[in-house]
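What follows is a single structure, written as structure tokens, with notes after it.
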Amino acid sequence: MSSLVIVESGAKGKKIQGYLGPSFIVESCRGHVQDLPGRGYKDKKQASKAMWASKKDQLPEPPWAWTDHSGKSAQNTIKNMIAKAKKNKVDTIYIATDPDREGEFIAWRLAEIFSEYETKRVTFNEVTKRAILQAIENPRDVDMDLVDAAKVRRFMDRLVGYRASKFSRSWNLTSMGRVQTPTLGILVERELLRMDFVPQPYYSVTVDTDELKFKVRFHEKGEADAWFDTSTDKPKHHPDRTDDEKLANMAVIEANNVGEITLTEVKFGERKSKPQLPFSTPTLLRTAGSHPSLGWGSKRIMQVANDLYQQGLITYLRTDSTRTSPEARSSMANYISSEFGESYLRPDSEALQEKGSSTTQDAHEAIRPTDPSVREPAGLEKPQLTLYKLIWSRFAASMMRDSVYSTVSVRGVIGEFEKVLTSSSSWRTEAGWECAYGDLRETPKLSPPNANLETGSKIKVICNEDSPKLIVDETKPPSRFRQHTLVESMQKAGIGRPSTYATTVEKLLDEKRRYVINENGALVPSEKGILLWQEIAPMYGSDGNRGVFDSAFTARMEDSLDGIEHRSQEATVVWAEFVDEFSESHSSALEKRRSKPTPKQLSFLKQLLRSLTDEESIRILEGRSLDEIDGNSAKALIDKLTEMNVVAGPSDKQMNLIFKLCDQINITENDASKIVGLESLEELSGGRSGSASQLISKLIAMKNDIPRPPTDKQLSYLRSLLQKAETEESVFCRSRSIESIADMDSNQVSLSIMELRDQLGIKGRGKKRK
């Protein structure tokens, strides 16, 4: 007899197989095997359901459909697994899916599928031999509290996704989501702040010396002319800024004339820098996303971290905890003592305060190296090694002493100028935890300034085009979010969890939705995204909030799911309350939608009316303009016109394209209408098979037939091929009866390029055929 171990990924499976030996068969289920029915499910009615009815004291019991694995049903994966189990006479199945809510849901479905076998649930936070063997020796049952939390999360997302997404399609939008929409709101609210931002101009002056950069301190807080940045809720005082251009210019003139700063005050001090706690998922995303050696998006960070986890190099990557095991801390302490010296270890009395409970439900640790004695594992690709070093350094640093810096702050004056100049400097005297980072951190200054820093001493001013410098500037709007800063805001708002941060961001960036655009790393909400948050989401709330799409509501639901997981809340109660709140919110939204036509209704109504005469339109609308009708009236009008067999005219988008194409090929509107056998464009019909679509196709074909001049890139490539073929350009031109290759059109150049490539035996990306 042998045992079967089911894991989620093949890469992890190979590692575990090596630890367990031939008496165990390790197979991968490749993630979820069954989930709520969707597109492609045999029962269309079940696939289209937003929710399933249930009694108040019970959760719904939907059918569970096989998931898709790269175009193939997960049922095939399971069939192969069962066949292998029977062939090898397996008697026990260990389900070793990931140690989180979703992993427990997969384990539950697998336990149901393999119910004829003895199934045991095993979990581990690291793919190491010790952890795997310990897990096999200590199996447990499937945790149904975790499963219920996963089920309720699914039911919530399904209900919102199906009902609210359908609602949003009235505005030609694709989807709304329980977590996705409030996250979009964070981006839109920041964008609205930027739009409303009014910059404040100011002047400032900097004066450089060999080692110190001074700023002129123009106004103290209590002075009448004190400069405050009023763009924030609490105005911030900036003593080095002024509205007085004359005063700023005087500072520059005096610094140039006098050429030295006389110190009036010198203060020496010391500051300590504390290390940070080991990584949780949000802090890993934030730090790796902003680190100069990485700067990746959330998806890539999680992919590389997952590679490290599956190779057994780091602990589980989806966690909110910053706790670490006593064994790991002991191992790291030994390494620090050996590598840096015992004096670098942080005293127990100064240990950083860790976050995370020690209950069985929260068995996760922080993200840390599984073997702290390995600082740079061999055989890793550069991205993997860089991320591993960052994770290792963060854990090591958390157990090391503070770094210590000496500081000096100085004040000085220039000649008779009445305002003070200030500067400061710091240099590291004790490296402490910063040693752990090696080349991942820039080395700071390690020695004090050489200048004579005493009261009364004089420091020479550097006089060139950059010093003294008058800076004319203005305040900047709040910066746009980047992926790692958005995750930080999601965490602060209580939206999402470690397993959903990266996927939520990816959904917003999805090209099908186009709610958010990535502009060189900055996340910019599109017009569609702003429309969704500003116009549609508010319909689900009242008095300025957005009901079920409010961050506070979403955070409360996330806490409720955690409550189910930790047995402090009943799954059935949480689900029933959510259904009641969403149903009320959705009904309110439907009622508000009826108060005015949706953009989709208006567009279609315009198309229908375009097929009528002006007199007929006025009669149908009863003298009203389209701005005066409500949603119910718009629907009634559309129904009435459809019953009258009125064929919809072309859409505004179609007509704009027709006008544009007519301009491009220099054809009149009347001539264009004759192409499809009509007297005027007013006779065009809409729809995919209408005459407007036919006309557009023919106009595009006519446009494509017009010869276009070749691009510079085409001409350059043709010349390079002629050179390789050892053919003079003049000879080539004579053979085609042209004076210059620039006389050819784009199509002719393309054909010549193809001929030459064939002649030279070039295929693919410029490689010669052998």
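Every chain in the structure tokens has a letter given in the order shown (A, B, ...), and although residue numbers restart at 1 in each chain, ligands are simply numbered from 1 in the order shown.
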| task | Fewer than 5 positions away in the same chain doesn't count, so skip those; otherwise give me all residues within 12 Å of A:Asp663, counting only C-alpha atoms, as JSON, numbers by chain. | result | {"A": [656, 657, 658, 668, 669, 672, 699, 700, 703]}
| request: Based on DSSP run over this structure's backbone, return all residues of stretch 396-515 of chain A in strand (DSSP E or B), as a ChimeraX atom specification. | output: /A:400,403-413,420-430,458-460,464,467,469-474,482
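The spacing separating atom CA of A:Ala224 from atom CA of A:Tyr202 amounts to 15.7 Å.
Nearest to A:Tyr41 of all the residues A:Leu609, A:Ala65, A:Met302, A:Met1 is A:Ala65, based on only C-alpha atoms.
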| message | Excluding stretch 447-462 of chain A and its own-chain neighbours fewer than 3 positions away, which residues fall within 6 Å of it when counting only C-alpha atoms? Please give them as an NGL selection string. | response | :A and (208-209 or 259-265 or 427)
| task | Would you return as a VMD selection string the members of stretch 332-465 of chain A that DSSP assigns to alpha helix (DSSP H) on this structure's backbone? | result | chain A and resid 332 to 339 382 to 398
Residue contacts of stretch 679-688 of chain A (7 Å, only C-alpha atoms) excluding same-chain residues fewer than 5 positions away, as a PDB file with N, CA, C and O atoms, in the first residue's frame:
```pdb
ATOM      1  N   VAL A 647     -36.426  50.836 -37.964  1.00  0.00           N
ATOM      2  CA  VAL A 647     -35.060  50.308 -37.992  1.00  0.00           C
ATOM      3  C   VAL A 647     -34.116  51.379 -37.477  1.00  0.00           C
ATOM      4  O   VAL A 647     -34.168  52.531 -37.931  1.00  0.00           O
ATOM      5  N   ALA A 648     -33.267  51.000 -36.522  1.00  0.00           N
ATOM      6  CA  ALA A 648     -32.357  51.973 -35.903  1.00  0.00           C
ATOM      7  C   ALA A 648     -31.392  52.546 -36.921  1.00  0.00           C
ATOM      8  O   ALA A 648     -30.856  51.831 -37.773  1.00  0.00           O
ATOM      9  N   GLY A 649     -31.203  53.844 -36.854  1.00  0.00           N
ATOM     10  CA  GLY A 649     -30.219  54.494 -37.710  1.00  0.00           C
ATOM     11  C   GLY A 649     -28.812  54.263 -37.183  1.00  0.00           C
ATOM     12  O   GLY A 649     -28.620  53.624 -36.145  1.00  0.00           O
ATOM     13  N   PRO A 650     -27.824  54.773 -37.866  1.00  0.00           N
ATOM     14  CA  PRO A 650     -26.435  54.579 -37.425  1.00  0.00           C
ATOM     15  C   PRO A 650     -26.165  55.299 -36.109  1.00  0.00           C
ATOM     16  O   PRO A 650     -26.802  56.302 -35.792  1.00  0.00           O
ATOM     17  N   SER A 651     -25.208  54.793 -35.362  1.00  0.00           N
ATOM     18  CA  SER A 651     -24.836  55.415 -34.087  1.00  0.00           C
ATOM     19  C   SER A 651     -23.962  56.641 -34.348  1.00  0.00           C
ATOM     20  O   SER A 651     -23.440  56.831 -35.459  1.00  0.00           O
ATOM     21  N   GLU A 669     -20.205  63.718 -49.120  1.00  0.00           N
ATOM     22  CA  GLU A 669     -21.157  62.874 -48.403  1.00  0.00           C
ATOM     23  C   GLU A 669     -22.183  62.253 -49.356  1.00  0.00           C
ATOM     24  O   GLU A 669     -22.589  61.096 -49.189  1.00  0.00           O
ATOM     25  N   ASN A 670     -22.595  63.042 -50.364  1.00  0.00           N
ATOM     26  CA  ASN A 670     -23.570  62.513 -51.332  1.00  0.00           C
ATOM     27  C   ASN A 670     -22.970  61.366 -52.147  1.00  0.00           C
ATOM     28  O   ASN A 670     -23.614  60.350 -52.395  1.00  0.00           O
ATOM     29  N   SER A 673     -22.827  58.235 -50.002  1.00  0.00           N
ATOM     30  CA  SER A 673     -24.123  57.546 -49.847  1.00  0.00           C
ATOM     31  C   SER A 673     -24.456  56.707 -51.077  1.00  0.00           C
ATOM     32  O   SER A 673     -25.072  55.642 -50.977  1.00  0.00           O
ATOM     33  N   LYS A 674     -24.024  57.160 -52.272  1.00  0.00           N
ATOM     34  CA  LYS A 674     -24.312  56.423 -53.508  1.00  0.00           C
ATOM     35  C   LYS A 674     -23.548  55.099 -53.575  1.00  0.00           C
ATOM     36  O   LYS A 674     -23.952  54.193 -54.313  1.00  0.00           O
ATOM     37  N   SER A 693     -22.726  50.212 -41.617  1.00  0.00           N
ATOM     38  CA  SER A 693     -21.582  49.300 -41.474  1.00  0.00           C
ATOM     39  C   SER A 693     -21.004  48.932 -42.840  1.00  0.00           C
ATOM     40  O   SER A 693     -19.788  48.864 -43.027  1.00  0.00           O
TER      41      SER A 693
END
```
| request: Mind checking which residues fall within 12 Å of A:Lys236, counting only C-alpha atoms, ignoring those fewer than 3 positions away in the same chain, and posting them as a PyMOL selection string? | output: chain A and resi 221+226-233+239+241+475
Residues within 6 Å of stretch 496-501 of chain A, only C-alpha atoms, excluding chain neighbours under 5 positions, as a short mmCIF file (atom, residue, chain, number, x, y, z; two decimals) with N, CA, C and O atoms, in the first residue's frame:
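The result, stored in selection.cif:
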```
data_model
loop_
_atom_site.label_atom_id
_atom_site.label_comp_id
_atom_site.auth_asym_id
_atom_site.auth_seq_id
_atom_site.Cartn_x
_atom_site.Cartn_y
_atom_site.Cartn_z
N THR A 281 2.73 40.21 3.47
CA THR A 281 2.50 40.38 2.03
C THR A 281 2.42 41.85 1.63
O THR A 281 3.09 42.26 0.68
N ARG A 318 1.57 34.48 1.40
CA ARG A 318 0.33 35.25 1.59
C ARG A 318 0.01 35.29 3.08
O ARG A 318 -0.55 34.37 3.64
N THR A 319 0.38 36.40 3.71
CA THR A 319 0.23 36.50 5.16
C THR A 319 0.17 37.96 5.59
O THR A 319 0.78 38.83 4.97
#
```
Near A:Pro139, counting only C-alpha atoms, which residues have an atom at most 12 Å away, once you skip same-chain residues fewer than 3 positions from it, shown as a PDB file with all heavy atoms, in the first residue's frame?
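Saved file selection_34.pdb follows:
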```pdb
ATOM      1  N   VAL A   5      -0.178  12.131  -2.044  1.00  0.00           N
ATOM      2  CA  VAL A   5      -0.138  13.496  -1.503  1.00  0.00           C
ATOM      3  C   VAL A   5      -0.528  14.438  -2.633  1.00  0.00           C
ATOM      4  O   VAL A   5       0.065  14.413  -3.716  1.00  0.00           O
ATOM      5  CB  VAL A   5       1.271  13.863  -0.980  1.00  0.00           C
ATOM      6  CG1 VAL A   5       1.280  15.301  -0.472  1.00  0.00           C
ATOM      7  CG2 VAL A   5       1.695  12.905   0.122  1.00  0.00           C
ATOM      8  N   THR A  92      -4.441   5.879   1.543  1.00  0.00           N
ATOM      9  CA  THR A  92      -4.582   7.149   2.262  1.00  0.00           C
ATOM     10  C   THR A  92      -4.189   8.302   1.349  1.00  0.00           C
ATOM     11  O   THR A  92      -3.189   8.225   0.621  1.00  0.00           O
ATOM     12  CB  THR A  92      -3.683   7.180   3.517  1.00  0.00           C
ATOM     13  OG1 THR A  92      -3.992   6.044   4.328  1.00  0.00           O
ATOM     14  CG2 THR A  92      -3.907   8.450   4.314  1.00  0.00           C
ATOM     15  N   ILE A  93      -4.993   9.373   1.402  1.00  0.00           N
ATOM     16  CA  ILE A  93      -4.687  10.567   0.603  1.00  0.00           C
ATOM     17  C   ILE A  93      -4.457  11.747   1.548  1.00  0.00           C
ATOM     18  O   ILE A  93      -5.317  12.078   2.366  1.00  0.00           O
ATOM     19  CB  ILE A  93      -5.832  10.888  -0.377  1.00  0.00           C
ATOM     20  CG1 ILE A  93      -5.942   9.759  -1.410  1.00  0.00           C
ATOM     21  CG2 ILE A  93      -5.579  12.219  -1.080  1.00  0.00           C
ATOM     22  CD1 ILE A  93      -7.070   9.955  -2.410  1.00  0.00           C
ATOM     23  N   TYR A  94      -3.274  12.340   1.429  1.00  0.00           N
ATOM     24  CA  TYR A  94      -2.932  13.538   2.193  1.00  0.00           C
ATOM     25  C   TYR A  94      -3.169  14.754   1.291  1.00  0.00           C
ATOM     26  O   TYR A  94      -2.573  14.861   0.215  1.00  0.00           O
ATOM     27  CB  TYR A  94      -1.476  13.503   2.640  1.00  0.00           C
ATOM     28  CG  TYR A  94      -1.168  12.432   3.667  1.00  0.00           C
ATOM     29  CD1 TYR A  94      -0.759  11.152   3.268  1.00  0.00           C
ATOM     30  CD2 TYR A  94      -1.290  12.701   5.022  1.00  0.00           C
ATOM     31  CE1 TYR A  94      -0.485  10.171   4.197  1.00  0.00           C
ATOM     32  CE2 TYR A  94      -1.008  11.721   5.968  1.00  0.00           C
ATOM     33  CZ  TYR A  94      -0.611  10.461   5.555  1.00  0.00           C
ATOM     34  OH  TYR A  94      -0.337   9.493   6.485  1.00  0.00           O
ATOM     35  N   ILE A  95      -4.041  15.636   1.738  1.00  0.00           N
ATOM     36  CA  ILE A  95      -4.352  16.835   0.932  1.00  0.00           C
ATOM     37  C   ILE A  95      -3.501  17.993   1.468  1.00  0.00           C
ATOM     38  O   ILE A  95      -3.735  18.502   2.564  1.00  0.00           O
ATOM     39  CB  ILE A  95      -5.852  17.169   0.994  1.00  0.00           C
ATOM     40  CG1 ILE A  95      -6.668  15.952   0.527  1.00  0.00           C
ATOM     41  CG2 ILE A  95      -6.152  18.380   0.133  1.00  0.00           C
ATOM     42  CD1 ILE A  95      -8.168  16.118   0.674  1.00  0.00           C
ATOM     43  N   ALA A  96      -2.513  18.389   0.670  1.00  0.00           N
ATOM     44  CA  ALA A  96      -1.527  19.377   1.119  1.00  0.00           C
ATOM     45  C   ALA A  96      -1.626  20.666   0.315  1.00  0.00           C
ATOM     46  O   ALA A  96      -0.618  21.204  -0.156  1.00  0.00           O
ATOM     47  CB  ALA A  96      -0.117  18.783   1.004  1.00  0.00           C
ATOM     48  N   GLU A 118      -9.480   7.239   2.584  1.00  0.00           N
ATOM     49  CA  GLU A 118      -9.224   7.936   3.842  1.00  0.00           C
ATOM     50  C   GLU A 118      -8.425   9.191   3.498  1.00  0.00           C
ATOM     51  O   GLU A 118      -7.317   9.107   2.966  1.00  0.00           O
ATOM     52  CB  GLU A 118      -8.419   7.059   4.798  1.00  0.00           C
ATOM     53  CG  GLU A 118      -8.164   7.765   6.149  1.00  0.00           C
ATOM     54  CD  GLU A 118      -7.273   6.959   7.078  1.00  0.00           C
ATOM     55  OE1 GLU A 118      -6.757   5.903   6.652  1.00  0.00           O
ATOM     56  OE2 GLU A 118      -7.082   7.402   8.225  1.00  0.00           O
ATOM     57  N   THR A 119      -9.006  10.356   3.763  1.00  0.00           N
ATOM     58  CA  THR A 119      -8.322  11.608   3.432  1.00  0.00           C
ATOM     59  C   THR A 119      -7.888  12.319   4.705  1.00  0.00           C
ATOM     60  O   THR A 119      -8.605  12.316   5.713  1.00  0.00           O
ATOM     61  CB  THR A 119      -9.232  12.554   2.612  1.00  0.00           C
ATOM     62  OG1 THR A 119     -10.432  12.789   3.338  1.00  0.00           O
ATOM     63  CG2 THR A 119      -9.545  11.963   1.261  1.00  0.00           C
ATOM     64  N   LYS A 120      -6.713  12.903   4.643  1.00  0.00           N
ATOM     65  CA  LYS A 120      -6.169  13.650   5.774  1.00  0.00           C
ATOM     66  C   LYS A 120      -5.667  15.004   5.276  1.00  0.00           C
ATOM     67  O   LYS A 120      -5.040  15.084   4.223  1.00  0.00           O
ATOM     68  CB  LYS A 120      -5.019  12.876   6.427  1.00  0.00           C
ATOM     69  CG  LYS A 120      -5.444  11.529   7.013  1.00  0.00           C
ATOM     70  CD  LYS A 120      -4.269  10.810   7.646  1.00  0.00           C
ATOM     71  CE  LYS A 120      -4.708   9.464   8.248  1.00  0.00           C
ATOM     72  NZ  LYS A 120      -3.578   8.771   8.909  1.00  0.00           N
ATOM     73  N   ARG A 121      -5.952  16.036   6.040  1.00  0.00           N
ATOM     74  CA  ARG A 121      -5.526  17.396   5.673  1.00  0.00           C
ATOM     75  C   ARG A 121      -4.187  17.689   6.337  1.00  0.00           C
ATOM     76  O   ARG A 121      -4.039  17.507   7.559  1.00  0.00           O
ATOM     77  CB  ARG A 121      -6.578  18.405   6.126  1.00  0.00           C
ATOM     78  CG  ARG A 121      -6.207  19.873   5.912  1.00  0.00           C
ATOM     79  CD  ARG A 121      -6.255  20.255   4.465  1.00  0.00           C
ATOM     80  NE  ARG A 121      -6.139  21.710   4.283  1.00  0.00           N
ATOM     81  CZ  ARG A 121      -5.193  22.299   3.568  1.00  0.00           C
ATOM     82  NH1 ARG A 121      -4.256  21.572   2.968  1.00  0.00           N
ATOM     83  NH2 ARG A 121      -5.178  23.611   3.428  1.00  0.00           N
ATOM     84  N   VAL A 122      -3.216  18.113   5.546  1.00  0.00           N
ATOM     85  CA  VAL A 122      -1.913  18.497   6.099  1.00  0.00           C
ATOM     86  C   VAL A 122      -1.547  19.885   5.568  1.00  0.00           C
ATOM     87  O   VAL A 122      -1.855  20.221   4.431  1.00  0.00           O
ATOM     88  CB  VAL A 122      -0.798  17.487   5.746  1.00  0.00           C
ATOM     89  CG1 VAL A 122      -1.051  16.144   6.398  1.00  0.00           C
ATOM     90  CG2 VAL A 122      -0.649  17.318   4.234  1.00  0.00           C
ATOM     91  N   THR A 123      -0.918  20.685   6.418  1.00  0.00           N
ATOM     92  CA  THR A 123      -0.484  22.024   5.991  1.00  0.00           C
ATOM     93  C   THR A 123       0.935  22.287   6.466  1.00  0.00           C
ATOM     94  O   THR A 123       1.393  21.718   7.463  1.00  0.00           O
ATOM     95  CB  THR A 123      -1.406  23.124   6.565  1.00  0.00           C
ATOM     96  OG1 THR A 123      -1.420  23.030   7.992  1.00  0.00           O
ATOM     97  CG2 THR A 123      -2.811  23.003   6.026  1.00  0.00           C
ATOM     98  N   PHE A 124       1.604  23.151   5.747  1.00  0.00           N
ATOM     99  CA  PHE A 124       2.963  23.571   6.124  1.00  0.00           C
ATOM    100  C   PHE A 124       3.175  24.983   5.587  1.00  0.00           C
ATOM    101  O   PHE A 124       2.589  25.381   4.576  1.00  0.00           O
ATOM    102  CB  PHE A 124       4.011  22.608   5.555  1.00  0.00           C
ATOM    103  CG  PHE A 124       3.711  22.126   4.169  1.00  0.00           C
ATOM    104  CD1 PHE A 124       4.031  22.887   3.047  1.00  0.00           C
ATOM    105  CD2 PHE A 124       3.059  20.911   3.968  1.00  0.00           C
ATOM    106  CE1 PHE A 124       3.734  22.447   1.771  1.00  0.00           C
ATOM    107  CE2 PHE A 124       2.753  20.463   2.689  1.00  0.00           C
ATOM    108  CZ  PHE A 124       3.095  21.230   1.584  1.00  0.00           C
ATOM    109  N   ILE A 132       7.631  19.271   5.980  1.00  0.00           N
ATOM    110  CA  ILE A 132       6.793  18.292   5.286  1.00  0.00           C
ATOM    111  C   ILE A 132       6.582  17.051   6.153  1.00  0.00           C
ATOM    112  O   ILE A 132       5.443  16.580   6.323  1.00  0.00           O
ATOM    113  CB  ILE A 132       7.416  17.894   3.930  1.00  0.00           C
ATOM    114  CG1 ILE A 132       7.619  19.124   3.031  1.00  0.00           C
ATOM    115  CG2 ILE A 132       6.548  16.841   3.231  1.00  0.00           C
ATOM    116  CD1 ILE A 132       6.389  19.912   2.737  1.00  0.00           C
ATOM    117  N   LEU A 133       7.663  16.527   6.700  1.00  0.00           N
ATOM    118  CA  LEU A 133       7.553  15.313   7.531  1.00  0.00           C
ATOM    119  C   LEU A 133       6.715  15.580   8.780  1.00  0.00           C
ATOM    120  O   LEU A 133       5.913  14.749   9.200  1.00  0.00           O
ATOM    121  CB  LEU A 133       8.947  14.823   7.921  1.00  0.00           C
ATOM    122  CG  LEU A 133       9.820  14.309   6.750  1.00  0.00           C
ATOM    123  CD1 LEU A 133      11.201  13.894   7.254  1.00  0.00           C
ATOM    124  CD2 LEU A 133       9.138  13.131   6.045  1.00  0.00           C
ATOM    125  N   GLN A 134       6.897  16.768   9.352  1.00  0.00           N
ATOM    126  CA  GLN A 134       6.120  17.136  10.545  1.00  0.00           C
ATOM    127  C   GLN A 134       4.631  17.223  10.209  1.00  0.00           C
ATOM    128  O   GLN A 134       3.777  16.800  10.991  1.00  0.00           O
ATOM    129  CB  GLN A 134       6.629  18.483  11.083  1.00  0.00           C
ATOM    130  CG  GLN A 134       6.126  18.829  12.458  1.00  0.00           C
ATOM    131  CD  GLN A 134       6.777  20.109  12.975  1.00  0.00           C
ATOM    132  OE1 GLN A 134       6.849  21.120  12.287  1.00  0.00           O
ATOM    133  NE2 GLN A 134       7.280  20.055  14.201  1.00  0.00           N
ATOM    134  N   ALA A 135       4.314  17.755   9.014  1.00  0.00           N
ATOM    135  CA  ALA A 135       2.916  17.875   8.593  1.00  0.00           C
ATOM    136  C   ALA A 135       2.292  16.500   8.394  1.00  0.00           C
ATOM    137  O   ALA A 135       1.156  16.255   8.816  1.00  0.00           O
ATOM    138  CB  ALA A 135       2.838  18.679   7.298  1.00  0.00           C
ATOM    139  N   ILE A 136       3.032  15.586   7.757  1.00  0.00           N
ATOM    140  CA  ILE A 136       2.523  14.229   7.507  1.00  0.00           C
ATOM    141  C   ILE A 136       2.258  13.502   8.830  1.00  0.00           C
ATOM    142  O   ILE A 136       1.301  12.740   8.972  1.00  0.00           O
ATOM    143  CB  ILE A 136       3.517  13.425   6.642  1.00  0.00           C
ATOM    144  CG1 ILE A 136       3.623  14.037   5.233  1.00  0.00           C
ATOM    145  CG2 ILE A 136       3.129  11.954   6.563  1.00  0.00           C
ATOM    146  CD1 ILE A 136       2.385  13.921   4.385  1.00  0.00           C
ATOM    147  N   VAL A 142     -10.354  18.572   7.580  1.00  0.00           N
ATOM    148  CA  VAL A 142     -10.569  19.839   6.868  1.00  0.00           C
ATOM    149  C   VAL A 142     -11.246  20.819   7.819  1.00  0.00           C
ATOM    150  O   VAL A 142     -12.201  20.463   8.520  1.00  0.00           O
ATOM    151  CB  VAL A 142     -11.436  19.620   5.602  1.00  0.00           C
ATOM    152  CG1 VAL A 142     -11.850  20.951   4.992  1.00  0.00           C
ATOM    153  CG2 VAL A 142     -10.683  18.776   4.582  1.00  0.00           C
ATOM    154  N   ASP A 143     -10.740  22.049   7.871  1.00  0.00           N
ATOM    155  CA  ASP A 143     -11.282  23.076   8.767  1.00  0.00           C
ATOM    156  C   ASP A 143     -12.502  23.716   8.102  1.00  0.00           C
ATOM    157  O   ASP A 143     -12.370  24.558   7.210  1.00  0.00           O
ATOM    158  CB  ASP A 143     -10.196  24.127   9.036  1.00  0.00           C
ATOM    159  CG  ASP A 143     -10.613  25.145  10.074  1.00  0.00           C
ATOM    160  OD1 ASP A 143     -11.825  25.425  10.177  1.00  0.00           O
ATOM    161  OD2 ASP A 143      -9.729  25.677  10.774  1.00  0.00           O
TER     162      ASP A 143
END
```
